[in-house]
Each structure stands twice: as C-alpha cells, then as structure tokens.
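A.B. asks: Below is one structure. I have some questions about it.
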Amino acid sequence: MRKGQRLLILPLLMLMLCGGCGRSDAVILGLDLELSGKHALYGTACADGVRLAVEEKNAAGGLLGRPVALAEMDNRSLGSEAALAALRLEGLERASAVIGPSTSGTAKAVAGSGVALPVIVPTATADDLMAAGEAPIFRLCYTDRTQGRVMGSFGRALGLSRAMVITESSSDYARGASDAFIERFGEMGGEIAGQLFYPSGESDFHPLITRMRAERFDCIFLPGYYGEAGLFLRQLRAWGIEVPVLGCDSFDSPAIETIGGRALGAIYFSNHCDPADPAVEAFAGRFQARFGYAPNAYAILGYEAARLSFQAIERAGSDDPAAVRAVLEDPDFYYEGLTGGMRFDGEGNAVKRVWINTIDEGARYALGEGRED
Amino acid sequence: MAAAQLACGLSLGMIYALIALGYTLVFGVLRMVNFAHCDVMMVGAYAGYFASRWFGWGLLPAMAAAVLCCALLGAAIHRWVIHPLERAGGISLLTGALAVSLILEYGMMALCGAQPRAFEGQFAGGVLHLGRLALPRDRMLVLLFSVAMFLLLEWTLGHTRAGRGMRACGSDRLAASLCGIQPARAGRTAFVLGSGMAAVAGVLYGGMFYLHPLMGAAPGLKAFCAAVIGGIGSIPGAVLGGLTLGLAETFATAFLPTALRDATAFLLLLILLLLRPRGMLGREERT
C-alpha cells in the first residue's frame with residue numbers, strides 16, 4: 001500500500017512542481033475541505049469564506065507585499081483523502097498553513113497524518129481532536145462538550161426541567177454533546193426523561209416520536225445534523241408537540257428551514273457568532289453579493305480562519321510554516337474577529353465565547369452569550 | 001401505543017414496498033439487481049420538484065412529468081448500458097448499473113448542487129386522527145400510490161401482451177425467444193416501467209422528506225433488502241417484504257434500545273431469510 005502510494009505520488013509530484021512554478025512569488029494557503037461528499041454543504045460554505053478573505057486581502061495589497069494564492073484540495077468528506085491532501089499541501093504545494101477540514105472525522109485524519117505545518121481547523125468540534133495525532137492543530141471553534149454543557153445551562157436558565165435527548169447513534173459529535181448536556185442539565189437540577197437514538201440518514205421519525213409521546217418532558221435536546229434535525233422538527237411539529245428544541249451549531253444552516261419548513265417553533269442552539277451583529281451583517285452582505293447565498297457559521301469561521309492565518313503570517317514576518325506555527329503557539333497571540341476575541345490554550349483549542357441563537361419567523365439572532373458554568 | 005406504532009410501521013413499510021416493486025420487476029425479467037434504481041428515483045424526485053417549482057404544478061402533473069422523464073432515462077440506460085452488457089452476464093451488468101448510479105448521483109450534484117431542497121408544503125404537514133389511531137397525512141398518499149402501483153403492475157404482467165412477454169422472459173429466456181418474444185424488447189419494457197415507478201416513489205419520498213443528490217442510497221438499500229426478503233422477482237413479495245422491514249424497524253424503535261435499532265431490525269430479517277432463503281414468496285429457481 002505504502003509503495004503504491006509512493007508510485008502514485010511521484011508523477012503527481014512532477015506535475016505539481018511544474019504547476020507550482022507560475023505562482024512562486026505568492027504566499028500559499030492550503031485548503032483541505034469537504035468540497036464534495038457527505039459534508040459538502042459544510043465544506044463548500046467554509047471554502048467560500050476563505051476565498052472571500054483571500055480576495056479581500058489581495059485587493060488590499062496582499063500579504064508581506066506578495067499576493068495570496070489558495071491551493072484548494074477536495075477531501076470528498078473522507079478521512080483518507082483529507083490526510084493525503086494535507087501531506088500534499090505540505091510537501092508539494094509548499095503551503096504556509098492549512099485551513100480545514102471542517103468536520104471532526106476528517107480533521108482527526110489530518111491530525112494523525114504526520115504533517116508539521118500549522119493546521120487551522122475552523123469548525124470541527126470533536127472533544128478528542130487533539131488526541132488524534134501529533135499535527136499542530138489550532139481550532140477556531142469550541143468543542144462538543146462545551147456546546148452540550150452550555151445548552152444544559154441554558155435549558156435550566158429557561159426554566160426547563162425535564163429533557164428528552166435525541167442522539168444520532170453513529171455521530172461522535174452528537175454523542176459528545178449529548179453526554180455533556182445530560183451531565184450539565186443534571187448538575188443544575190434538571191431531570192432527563194430519556195435518551196433515544198436514531199441512525200445516520202434517518203428520515204422517518206414517526207416511530208421515535210410515537211415512542212416519545214408516552215413520556216413526559218418539557219424540552220428536547222437534539223444535537224443533530226441539519227438533514228435529520230430538519231426532518232425531526234417537521235415531523236415533531238406535525239404531531240403538535242410544541243416544546244422548545246435545544247440544538248448545537250449544526251443547526252446553523254438555511255437547510256434546517258428548507259427541510260424543517262417554516263413552522264420550526266421554539267428552537268435554540270449554540271453558535272459561533274451573533275448573526276445580528278453589525279460586523280457580521282456587513283460580512284454577510286459582502287458574502288451574499290459575491291457568492292449569491294447567505295453565509296452560515298461555517299462560512300464565517302472559514303473567513304475567520306483565513307484572516308487569523310494572515311495575522312499570524314504578518315506577525316511572523318515570513319510565510320515559513322515553522323515561523324507561522326511558532327506565532328500561533330505563542331500564548332500572547334490574540335485575534336479579534338467576527339466571532340469575538342479569541343486566543344489558543346496550550347492544546348490549540350480556542351478560548352472564546354459561545355452564542356445562543358434562535359430562529360424566529362426566518363430571522364436569526366443571538367439571545368445572548370451562553371455560559372458553561 | 002402499540003396500535004400507533006403498527007400504523008407507523010405499515011406506513012414506513014409501504015414506502016419500502018413502493019421502491020422495492022421496481023427492483024423486483026427488473027430482477028424478475030432481466031435477472032439483474034438494478035443498483036441504479038434508487039438514483040433514477042432521485043432523478044424523478046428532482047424532475048417533480050422542478051416541475052412543481054417552475055410551472056406551479058400540483059402533485060399529479062408533477063408526478064406525470066417525473067414519470068415521463070424517468071421513463072426516457074430508463075430507456076436510455078437500457079439502450080446504452082444494460083442491453084449492450086446483457087450478453088456479458090451478471091457481474092458486468094451489476095457494475096454497469098453501479099456506474100450509472102454514481103454518474104447520476106454526481107452528475108446531479110454537479111448540475112443542481114449538493115444543497116437539500118424540499119417541495120413547498122404540498123404533501124407535508126398534518127396528522128390524521130382516525131379514532132384512536134393517528135397517522136401522518138402524507139402516509140395516506142403513499143398507501144394510495146403503493147396500492148395503485150401494485151395493482152397496475154399485477155394487471156400489466158397478468159393481462160397485457162407486453163406483460164406476458166416479460167413474465168415469459170423472466171421464467172425462461174430461451175423458450176420465450178423460441179416462441180417469438182423478443183427478450184430485448186421485454187427487458188426494455190421492464191426497465192422503462194421500473195423507472196417510471198421509481199419516479200412515482202421519488203416524488204412521494206422527496207415530498208415527505210427532502211431532496212438531495214444522494215437521497216436514493218439509504219432507502220434504495222432498504223428497499224433492495226425488502227425485495228430480497230419478500231422473494232426477489234415476486235411482485236406481492238416486494239410488498240410483503242417492504243411491510244416486514246417497516247414493521248421490524250418500527251418494532252425495534254418502539255420497544256427495544258433505540259441505539260441498536262438497525263442491528264435488531266436486520267437480525268430479525270436475517271433470521272427470516274435463514275428460514276426462507278429465497279424470500280417469503282420466492283420460488284425455487286429452475287434452470
């Protein structure tokens with residue numbers, strides 16, 4: 001297998017060396033994202049955010065007096081492809097840093113790929129991402145555990161006392177967030193009415209809802225991806241169950257309304273920014289004008305990841321990956337952007353605030369800052 | 001709750017049955033597993049979606065447009081992929097169908113993007129209360145169409161010339177061709193008919209849930225299992241298999257740990273298959 005890969009890589013290497021000649025003066029930023037496959041919606045939004053940041057940077061004179069060029073790799077939502085893409089970005093494309101991947105499974109594969117250049121992960125929230133390998137990962141978002149705990153506290157703050165937890169059985173994301181929610185909700189004196197699971201790709205929730213109807217609860221915690229979560233909401237509301245539904249940042253996609261329908265009812269979810277913040281709104285306007293659709297948190301965090309790497313490269317005064325990495329590892333490194341101010345802890349996790357968002361008649365806004373404690 | 005779950009299970013089973021009918025029809029005539037079936041269904045869903053969005057058509061006209069579109073697609077697939085590969089035999093046919101499946105999925109993704117789409121409210125919404133029973137309203141439509149498709153298929157196979165030709169080819173190709181039936185034509189008819197049924201299933205499935213280029217994969221696999229459990233090649237078997245699978249899944253969700261749902265549902269089906277290796281209504285193969 002190893003030998004086979006090397007045989008494959010050799011002609012690629014020659015091709016890339018020739019291909020790379022044309023832009024040797026540019027600062028290269030690598031992109032390792034889900035441009036197709038299961039998580040394409042997350043990856044493409046994130047990629048568009050990065051593209052916008054690069055275009056704006058180049059229009060403003062570039063980086064270190066040189067233009068910024070993107071080396072885009074599509075990891076097809078597969079771990080193996082994501083790891084190969086990161087290796088290629090390091091070895092062949094000579095990128096200063098990698099932005100991506102946008103989901104936890106692929107990000108873990110990159111963590112374990114053995115690359116040494118800084119990997120700026122915009123949106124992968126798995127708790128054990130850093131434990132998956134040695135690669136220097138800098139994560140812009142908070143973790144599943146933080147989200148679950150924040151939503152647990154928030155649920156109690158709303159005065160909710162008995163939660164039904166609905167979890168996708170095969171998703172680390174959903175399981176991590178559910179465990180943290182159950183823990184926090186319980187700590188705060190709430191009760192858990194039960195935890196039910198559904199498999200990935202589930203579309204018919206009626207049996208699950210029928211089972212739930214036999215229980216007594218006053219809220220639902222549903223840390224699901226937009227496809228299943230949208231269908232669950234639609235079918236839940238069709239049964240006339242109007243309890244508040246608490247979710248996580250995976251709710252932040254217009255698809256939740258496309259699939260869930262207009263009548264989502266009361267839903268609250270942890271998210272990365274306040275969509276009604278003027279700076280975020282201005283960004284949303286520029287993004288909409290450029291790409292023709294409204295940006296979600298993935299797009300915003302992609303944009304932020306690119307701007308953060310520009311800041312790190314400028315502060316390093318060089319596009320050498322080792323120098324950029326040293327800047328990011330510096331505990332004094334501070335970045336202020338659309339999602340608020342942030343720094344990295346010793347592990348490379350962002351220390352930043354969590355927002356609670358809601359959707360009301362199609363309008364999205366933040367109710368306030370969520371607290372873990 | 002048991003009665004409510006029974007209704008849920010039957011209505012879920014009807015969805016599987018509707019898709020399984022197409023698998024079983026093509027298998028019955030061509031002796032091949034048409035892995036592209038669920039992607040033809042996806043194309044049908046998109047065709048119906050665009051018809052209803054662009055022209056404001058309701059369910060029936062949109063479905064008719066989808067059926068026409070998929071019938072043409074089916075004829076094309078048969079003409080350029082299935083028919084040329086028929087002589088090469090099982091594995092090549094299977095691979096050809098898989099290739100078509102991937103081309104349709106990723107072609108649609110390139111054409112329309114990966115973002116999910118949903119029909120504007122036409123079929124969604126509401127729960128119907130019948131005494132103590134409650135059933136989602138859209139399921140009544142599925143029930144209606146499944147029964148209609150089943151009857152249509154039974155009638156076509158039993159009472160039309162083309163249908164008799166298809167059945168003859170299914171049971172003995174050589175003998176059928178000696179009797180003056182053209183197996184190629186019978187195969188094409190089956191394929192076109194199967195694709196049209198996929199379109200009906202696609203519009204209903206897309207209306208109940210949502211559309212995206214890979215939407216066919218999960219129900220396609222389940223419906224394929226349903227067809228096998230019922231006895232692939234048998235039309236009533238497909239319906240029975242679909243209902244069994246729907247009930248097994250619902251039963252597992254309703255009364256067992258939900259984390260193990262698919263494992264328990266498929267364990268039940270495996271036991272069933274071990275008891276009846278050819279499926280519930282499958283017949284011994286005679287060659």
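Residues in the structure tokens are numbered from 1 in each chain, the chains being A, B, ... in the order shown, and ligands are numbered from 1 in the order shown.
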Taking the chain letters and numbering used in this document, name the residues of segment 49-204 of chain A that DSSP puts in alpha helix (DSSP H), as an mmCIF file with C-alpha atoms, in the first residue's frame.
C.D. replies:
data_model
loop_
_atom_site.group_PDB
_atom_site.id
_atom_site.type_symbol
_atom_site.label_atom_id
_atom_site.label_comp_id
_atom_site.auth_asym_id
_atom_site.auth_seq_id
_atom_site.Cartn_x
_atom_site.Cartn_y
_atom_site.Cartn_z
ATOM 1 C CA GLY A 49 -15.481 32.120 3.401
ATOM 2 C CA VAL A 50 -11.764 31.505 2.872
ATOM 3 C CA ARG A 51 -11.980 32.592 -0.773
ATOM 4 C CA LEU A 52 -13.655 35.857 0.171
ATOM 5 C CA ALA A 53 -10.989 36.609 2.775
ATOM 6 C CA VAL A 54 -8.225 35.919 0.240
ATOM 7 C CA GLU A 55 -9.842 38.085 -2.430
ATOM 8 C CA GLU A 56 -10.251 40.935 0.035
ATOM 9 C CA LYS A 57 -6.669 40.561 1.219
ATOM 10 C CA ASN A 58 -5.327 40.618 -2.332
ATOM 11 C CA ALA A 59 -7.462 43.658 -3.183
ATOM 12 C CA GLY A 79 -10.540 10.862 6.210
ATOM 13 C CA SER A 80 -8.019 9.153 3.958
ATOM 14 C CA GLU A 81 -8.368 11.862 1.314
ATOM 15 C CA ALA A 82 -8.084 14.604 3.928
ATOM 16 C CA ALA A 83 -4.802 13.165 5.262
ATOM 17 C CA LEU A 84 -3.379 12.803 1.750
ATOM 18 C CA ALA A 85 -4.439 16.344 0.890
ATOM 19 C CA ALA A 86 -2.674 17.716 3.978
ATOM 20 C CA LEU A 87 0.514 15.811 3.117
ATOM 21 C CA ARG A 88 0.375 17.126 -0.415
ATOM 22 C CA LEU A 89 -0.218 20.688 0.749
ATOM 23 C CA GLU A 90 2.832 20.445 2.983
ATOM 24 C CA GLY A 91 5.186 18.632 0.642
ATOM 25 C CA SER A 104 -14.334 16.132 13.025
ATOM 26 C CA GLY A 105 -13.803 12.812 11.257
ATOM 27 C CA THR A 106 -11.680 14.295 8.506
ATOM 28 C CA ALA A 107 -9.923 16.671 10.911
ATOM 29 C CA LYS A 108 -8.847 13.715 13.058
ATOM 30 C CA ALA A 109 -7.369 12.042 9.994
ATOM 31 C CA VAL A 110 -5.316 15.186 9.321
ATOM 32 C CA ALA A 111 -4.239 15.308 12.979
ATOM 33 C CA ASP A 144 -18.882 19.324 21.534
ATOM 34 C CA ARG A 145 -18.508 19.142 25.295
ATOM 35 C CA THR A 146 -18.577 22.915 25.677
ATOM 36 C CA GLN A 147 -21.645 23.163 23.453
ATOM 37 C CA GLY A 148 -23.501 20.432 25.333
ATOM 38 C CA ARG A 149 -22.734 21.998 28.706
ATOM 39 C CA VAL A 150 -23.688 25.473 27.532
ATOM 40 C CA MET A 151 -27.028 24.191 26.255
ATOM 41 C CA GLY A 152 -27.589 22.299 29.520
ATOM 42 C CA SER A 153 -27.100 25.507 31.487
ATOM 43 C CA PHE A 154 -29.240 27.450 29.040
ATOM 44 C CA GLY A 155 -32.101 24.944 29.263
ATOM 45 C CA ARG A 156 -32.153 25.274 33.025
ATOM 46 C CA ALA A 157 -31.947 29.065 32.736
ATOM 47 C CA ASP A 172 -19.263 11.361 17.846
ATOM 48 C CA TYR A 173 -20.459 14.930 17.666
ATOM 49 C CA ALA A 174 -23.984 14.097 18.798
ATOM 50 C CA ARG A 175 -22.846 11.624 21.444
ATOM 51 C CA GLY A 176 -20.248 14.009 22.898
ATOM 52 C CA ALA A 177 -22.679 16.891 23.057
ATOM 53 C CA SER A 178 -25.470 14.693 24.473
ATOM 54 C CA ASP A 179 -23.265 13.334 27.266
ATOM 55 C CA ALA A 180 -22.192 16.851 28.225
ATOM 56 C CA PHE A 181 -25.773 18.125 28.098
ATOM 57 C CA ILE A 182 -27.069 15.286 30.282
ATOM 58 C CA GLU A 183 -24.248 15.880 32.764
ATOM 59 C CA ARG A 184 -24.783 19.641 32.963
ATOM 60 C CA PHE A 185 -28.594 19.548 32.948
ATOM 61 C CA GLY A 186 -28.431 17.068 35.831
ATOM 62 C CA GLU A 187 -25.880 19.152 37.766
#
A.B. asks: Could the residues of chain B within 8 Å of chain A, counting only C-alpha atoms, be given as JSON, numbers by chain, please?
C.D. replies: {"B": [1, 4, 5, 8, 9, 12, 114, 115, 116, 117, 118, 121, 125, 126, 127, 136, 209, 210, 218, 250, 253, 254, 257, 258, 259, 261, 262]}
A.B. asks: What would the file look like if the residues just selected were written as a compact mmCIF listing (two decimals), in the first residue's frame with C-alpha atoms?
C.D. replies:
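Printed below is part09.txt as written:
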# COMPACT_ATOMS: atom_id res chain seq x y z
CA MET B 1 -49.13 2.97 21.66
CA ALA B 4 -49.98 3.76 16.75
CA GLN B 5 -46.65 2.03 16.19
CA CYS B 8 -46.21 3.87 11.69
CA GLY B 9 -44.62 0.58 10.74
CA LEU B 12 -42.98 3.09 6.59
CA ALA B 114 -25.45 19.41 -3.04
CA GLN B 115 -27.83 21.60 -1.07
CA PRO B 116 -31.03 19.96 0.07
CA ARG B 117 -34.33 21.04 -1.44
CA ALA B 118 -37.88 20.46 -0.33
CA GLY B 121 -45.64 22.27 1.54
CA GLY B 125 -47.98 18.54 7.21
CA GLY B 126 -50.59 17.27 9.49
CA VAL B 127 -51.50 14.12 11.30
CA PRO B 136 -49.19 11.28 9.34
CA PHE B 209 -38.65 14.07 3.29
CA TYR B 210 -36.26 16.16 1.24
CA ALA B 218 -30.41 4.77 2.06
CA THR B 250 -40.61 0.31 13.88
CA THR B 253 -37.58 1.64 17.63
CA ALA B 254 -40.70 1.24 19.71
CA PRO B 257 -32.99 0.17 22.88
CA THR B 258 -33.02 2.65 20.02
CA ALA B 259 -29.24 2.69 19.70
CA ARG B 261 -32.36 -0.27 16.01
CA ASP B 262 -30.82 -1.26 12.71
A.B. asks: Could you jot down the atom CA of Leu178 of chain B to atom CA of Gly22 of chain B separation for me, Å, one decimal place?
C.D. replies: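 Computed distance, atom CA of Leu178 of chain B to atom CA of Gly22 of chain B, equals 27.1 Å.
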A.B. asks: Point out the residue among B:Leu243, B:Met208, B:Ser146, B:Cys179 with the least atom-to-atom distance to Met280 of chain B, counting only C-alpha atoms.
C.D. replies: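 Among B:Leu243, B:Met208, B:Ser146, B:Cys179, it is B:Leu243 that comes nearest to Met280 of chain B.
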A.B. asks: Near segment 69-83 of chain B, within 9 Å and counting only C-alpha atoms, which residues show up once chain neighbours fewer than 6 positions away are dropped, as a ChimeraX atom specification?
C.D. replies: /B:40-41,43-44,47,93,96-97,100,184,187-189,191-199
A.B. asks: Got time to write the residues from that selection, N, CA and C atoms, as a PDB file, in the first residue's frame?
C.D. replies:
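Output saved as selection16.pdb:
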ATOM      1  N   VAL B  40     -32.403   6.589 -10.147  1.00  0.00           N
ATOM      2  CA  VAL B  40     -33.468   7.004 -11.060  1.00  0.00           C
ATOM      3  C   VAL B  40     -34.596   7.625 -10.236  1.00  0.00           C
ATOM      4  N   MET B  41     -34.822   7.037  -9.071  1.00  0.00           N
ATOM      5  CA  MET B  41     -35.808   7.594  -8.148  1.00  0.00           C
ATOM      6  C   MET B  41     -35.434   9.028  -7.766  1.00  0.00           C
ATOM      7  N   VAL B  43     -33.617  11.106  -9.527  1.00  0.00           N
ATOM      8  CA  VAL B  43     -33.848  11.964 -10.689  1.00  0.00           C
ATOM      9  C   VAL B  43     -35.340  12.291 -10.806  1.00  0.00           C
ATOM     10  N   GLY B  44     -36.177  11.282 -10.553  1.00  0.00           N
ATOM     11  CA  GLY B  44     -37.626  11.502 -10.591  1.00  0.00           C
ATOM     12  C   GLY B  44     -38.054  12.556  -9.580  1.00  0.00           C
ATOM     13  N   ALA B  47     -37.074  15.879 -10.919  1.00  0.00           N
ATOM     14  CA  ALA B  47     -37.928  16.273 -12.045  1.00  0.00           C
ATOM     15  C   ALA B  47     -39.261  16.795 -11.527  1.00  0.00           C
ATOM     16  N   LEU B  93     -23.132  -6.555 -15.743  1.00  0.00           N
ATOM     17  CA  LEU B  93     -24.396  -5.815 -15.636  1.00  0.00           C
ATOM     18  C   LEU B  93     -24.464  -5.043 -14.327  1.00  0.00           C
ATOM     19  N   GLY B  96     -22.148  -2.200 -14.448  1.00  0.00           N
ATOM     20  CA  GLY B  96     -22.719  -1.162 -15.307  1.00  0.00           C
ATOM     21  C   GLY B  96     -23.770  -0.352 -14.566  1.00  0.00           C
ATOM     22  N   ALA B  97     -24.632  -1.069 -13.823  1.00  0.00           N
ATOM     23  CA  ALA B  97     -25.684  -0.388 -13.072  1.00  0.00           C
ATOM     24  C   ALA B  97     -25.077   0.492 -11.981  1.00  0.00           C
ATOM     25  N   VAL B 100     -23.766   3.622 -13.576  1.00  0.00           N
ATOM     26  CA  VAL B 100     -24.871   4.546 -13.868  1.00  0.00           C
ATOM     27  C   VAL B 100     -25.307   5.247 -12.583  1.00  0.00           C
ATOM     28  N   ALA B 184     -35.031  -8.663 -25.739  1.00  0.00           N
ATOM     29  CA  ALA B 184     -34.518  -7.295 -25.621  1.00  0.00           C
ATOM     30  C   ALA B 184     -35.662  -6.321 -25.400  1.00  0.00           C
ATOM     31  N   GLY B 187     -37.104  -6.761 -21.956  1.00  0.00           N
ATOM     32  CA  GLY B 187     -36.195  -6.153 -20.985  1.00  0.00           C
ATOM     33  C   GLY B 187     -36.372  -4.647 -20.954  1.00  0.00           C
ATOM     34  N   ARG B 188     -36.496  -4.057 -22.142  1.00  0.00           N
ATOM     35  CA  ARG B 188     -36.642  -2.608 -22.205  1.00  0.00           C
ATOM     36  C   ARG B 188     -37.955  -2.176 -21.557  1.00  0.00           C
ATOM     37  N   THR B 189     -39.002  -2.926 -21.847  1.00  0.00           N
ATOM     38  CA  THR B 189     -40.295  -2.587 -21.248  1.00  0.00           C
ATOM     39  C   THR B 189     -40.200  -2.623 -19.730  1.00  0.00           C
ATOM     40  N   PHE B 191     -37.601  -2.290 -17.885  1.00  0.00           N
ATOM     41  CA  PHE B 191     -36.732  -1.230 -17.397  1.00  0.00           C
ATOM     42  C   PHE B 191     -37.447   0.117 -17.402  1.00  0.00           C
ATOM     43  N   VAL B 192     -38.172   0.365 -18.486  1.00  0.00           N
ATOM     44  CA  VAL B 192     -38.894   1.642 -18.584  1.00  0.00           C
ATOM     45  C   VAL B 192     -39.997   1.708 -17.528  1.00  0.00           C
ATOM     46  N   LEU B 193     -40.700   0.586 -17.368  1.00  0.00           N
ATOM     47  CA  LEU B 193     -41.769   0.529 -16.380  1.00  0.00           C
ATOM     48  C   LEU B 193     -41.201   0.718 -14.973  1.00  0.00           C
ATOM     49  N   GLY B 194     -40.106   0.027 -14.701  1.00  0.00           N
ATOM     50  CA  GLY B 194     -39.458   0.141 -13.394  1.00  0.00           C
ATOM     51  C   GLY B 194     -39.007   1.566 -13.126  1.00  0.00           C
ATOM     52  N   SER B 195     -38.482   2.230 -14.145  1.00  0.00           N
ATOM     53  CA  SER B 195     -38.006   3.605 -13.971  1.00  0.00           C
ATOM     54  C   SER B 195     -39.166   4.553 -13.711  1.00  0.00           C
ATOM     55  N   GLY B 196     -40.286   4.303 -14.408  1.00  0.00           N
ATOM     56  CA  GLY B 196     -41.470   5.123 -14.168  1.00  0.00           C
ATOM     57  C   GLY B 196     -41.962   4.975 -12.738  1.00  0.00           C
ATOM     58  N   MET B 197     -41.908   3.741 -12.232  1.00  0.00           N
ATOM     59  CA  MET B 197     -42.329   3.530 -10.851  1.00  0.00           C
ATOM     60  C   MET B 197     -41.362   4.175  -9.879  1.00  0.00           C
ATOM     61  N   ALA B 198     -40.093   4.177 -10.253  1.00  0.00           N
ATOM     62  CA  ALA B 198     -39.100   4.854  -9.412  1.00  0.00           C
ATOM     63  C   ALA B 198     -39.434   6.335  -9.310  1.00  0.00           C
ATOM     64  N   ALA B 199     -39.924   6.907 -10.428  1.00  0.00           N
ATOM     65  CA  ALA B 199     -40.275   8.329 -10.414  1.00  0.00           C
ATOM     66  C   ALA B 199     -41.420   8.601  -9.444  1.00  0.00           C
TER      67      ALA B 199
END
A.B. asks: Just the residues within 7 Å of segment 102-108 of chain B, please, counting only C-alpha atoms, with nothing from its chain fewer than 5 positions along; format it as a PDB file with C-alpha atoms, in the first residue's frame.
C.D. replies:
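selection.pdb written:
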ATOM      1  CA  ASP B  39     -30.833   7.021  -8.343  1.00  0.00           C
ATOM      2  CA  PRO B 213     -28.349  14.025  -4.915  1.00  0.00           C
ATOM      3  CA  LEU B 214     -27.566  11.098  -2.604  1.00  0.00           C
TER       4      LEU B 214
END
A.B. asks: Quick one: residues within 10 Å of Gly90 of chain B, only C-alpha atoms counted, chain neighbours fewer than 6 positions away excluded, as a list in words?
C.D. replies: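 The filter keeps Leu30, Arg31, Met32, Val33 and Gly96 of chain B.
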A.B. asks: Next, dump the selected residues to file, keeping only C-alpha atoms, as a PDB file, in the first residue's frame.
C.D. replies:
ATOM      1  CA  LEU B  30     -33.606  -9.258 -16.580  1.00  0.00           C
ATOM      2  CA  ARG B  31     -32.240 -11.329 -13.673  1.00  0.00           C
ATOM      3  CA  MET B  32     -30.115  -8.392 -12.594  1.00  0.00           C
ATOM      4  CA  VAL B  33     -30.007  -6.225  -9.495  1.00  0.00           C
ATOM      5  CA  GLY B  96     -22.719  -1.162 -15.307  1.00  0.00           C
TER       6      GLY B  96
END
A.B. asks: Can you work out the spacing between atom CA of Met73 of chain A and atom CA of Leu308 of chain A in Å, to one decimal?
C.D. replies: 19.8 Å
A.B. asks: Compile the contact shell of Ala71 of chain A as a VMD selection string: residues with an atom at most 10 Å away, counting only C-alpha atoms, same-chain residues fewer than 5 positions apart removed.
C.D. replies: chain A and resid 20 28 to 32 89 93 to 95 98
A.B. asks: Would you output that residue set with C-alpha atoms, as a PDB file, in the first residue's frame?
C.D. replies:
ATOM      1  CA  GLY A  20       3.697  25.397  -8.933  1.00  0.00           C
ATOM      2  CA  ILE A  28       0.351  29.836  -0.455  1.00  0.00           C
ATOM      3  CA  LEU A  29      -2.524  28.991   1.826  1.00  0.00           C
ATOM      4  CA  GLY A  30      -3.679  25.388   1.686  1.00  0.00           C
ATOM      5  CA  LEU A  31      -7.337  24.397   1.725  1.00  0.00           C
ATOM      6  CA  ASP A  32      -8.302  20.869   2.795  1.00  0.00           C
ATOM      7  CA  LEU A  89      -0.218  20.688   0.749  1.00  0.00           C
ATOM      8  CA  GLU A  93       2.258  22.859  -2.648  1.00  0.00           C
ATOM      9  CA  ARG A  94       4.561  24.404  -0.032  1.00  0.00           C
ATOM     10  CA  ALA A  95       1.657  25.936   1.834  1.00  0.00           C
ATOM     11  CA  VAL A  98      -3.647  24.536   6.014  1.00  0.00           C
TER      12      VAL A  98
END
A.B. asks: To one decimal place, how far is atom CA of Leu33 of chain A from atom CA of Ala124 of chain A in Å?
C.D. replies: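 About the pair atom CA of Leu33 of chain A and atom CA of Ala124 of chain A: they are 11.3 Å apart.
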A.B. asks: Could you name the residues that touch Arg185 of chain B at 9 Å or less, counting only C-alpha atoms, but leaving out those on the same chain fewer than 3 positions away, as a list in words?
C.D. replies: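 Result of the neighbour search: Ala162, Gly165, Met166, Ile181, Gln182, Arg188, Thr189 and Ala190 of chain B.
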A.B. asks: Write the selection just made, keeping N, CA and C atoms, as a short mmCIF file (atom, residue, chain, number, x, y, z; two decimals), in the first residue's frame?
C.D. replies:
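Once written, again-v1.cif looks like this:
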data_model
loop_
_atom_site.label_atom_id
_atom_site.label_comp_id
_atom_site.auth_asym_id
_atom_site.auth_seq_id
_atom_site.Cartn_x
_atom_site.Cartn_y
_atom_site.Cartn_z
N ALA B 162 -47.45 -7.31 -23.47
CA ALA B 162 -46.10 -6.97 -23.04
C ALA B 162 -45.79 -7.62 -21.70
N GLY B 165 -45.13 -11.21 -22.08
CA GLY B 165 -43.78 -11.35 -22.66
C GLY B 165 -42.72 -11.23 -21.59
N MET B 166 -42.90 -10.25 -20.71
CA MET B 166 -41.93 -10.05 -19.64
C MET B 166 -41.85 -11.25 -18.73
N ILE B 181 -40.98 -14.18 -28.76
CA ILE B 181 -40.90 -12.99 -27.90
C ILE B 181 -39.48 -12.45 -28.00
N GLN B 182 -39.36 -11.13 -28.15
CA GLN B 182 -38.02 -10.55 -28.20
C GLN B 182 -37.56 -10.20 -26.80
N ARG B 188 -36.50 -4.06 -22.14
CA ARG B 188 -36.64 -2.61 -22.20
C ARG B 188 -37.95 -2.18 -21.56
N THR B 189 -39.00 -2.93 -21.85
CA THR B 189 -40.29 -2.59 -21.25
C THR B 189 -40.20 -2.62 -19.73
N ALA B 190 -39.58 -3.69 -19.21
CA ALA B 190 -39.45 -3.81 -17.76
C ALA B 190 -38.65 -2.64 -17.20
#
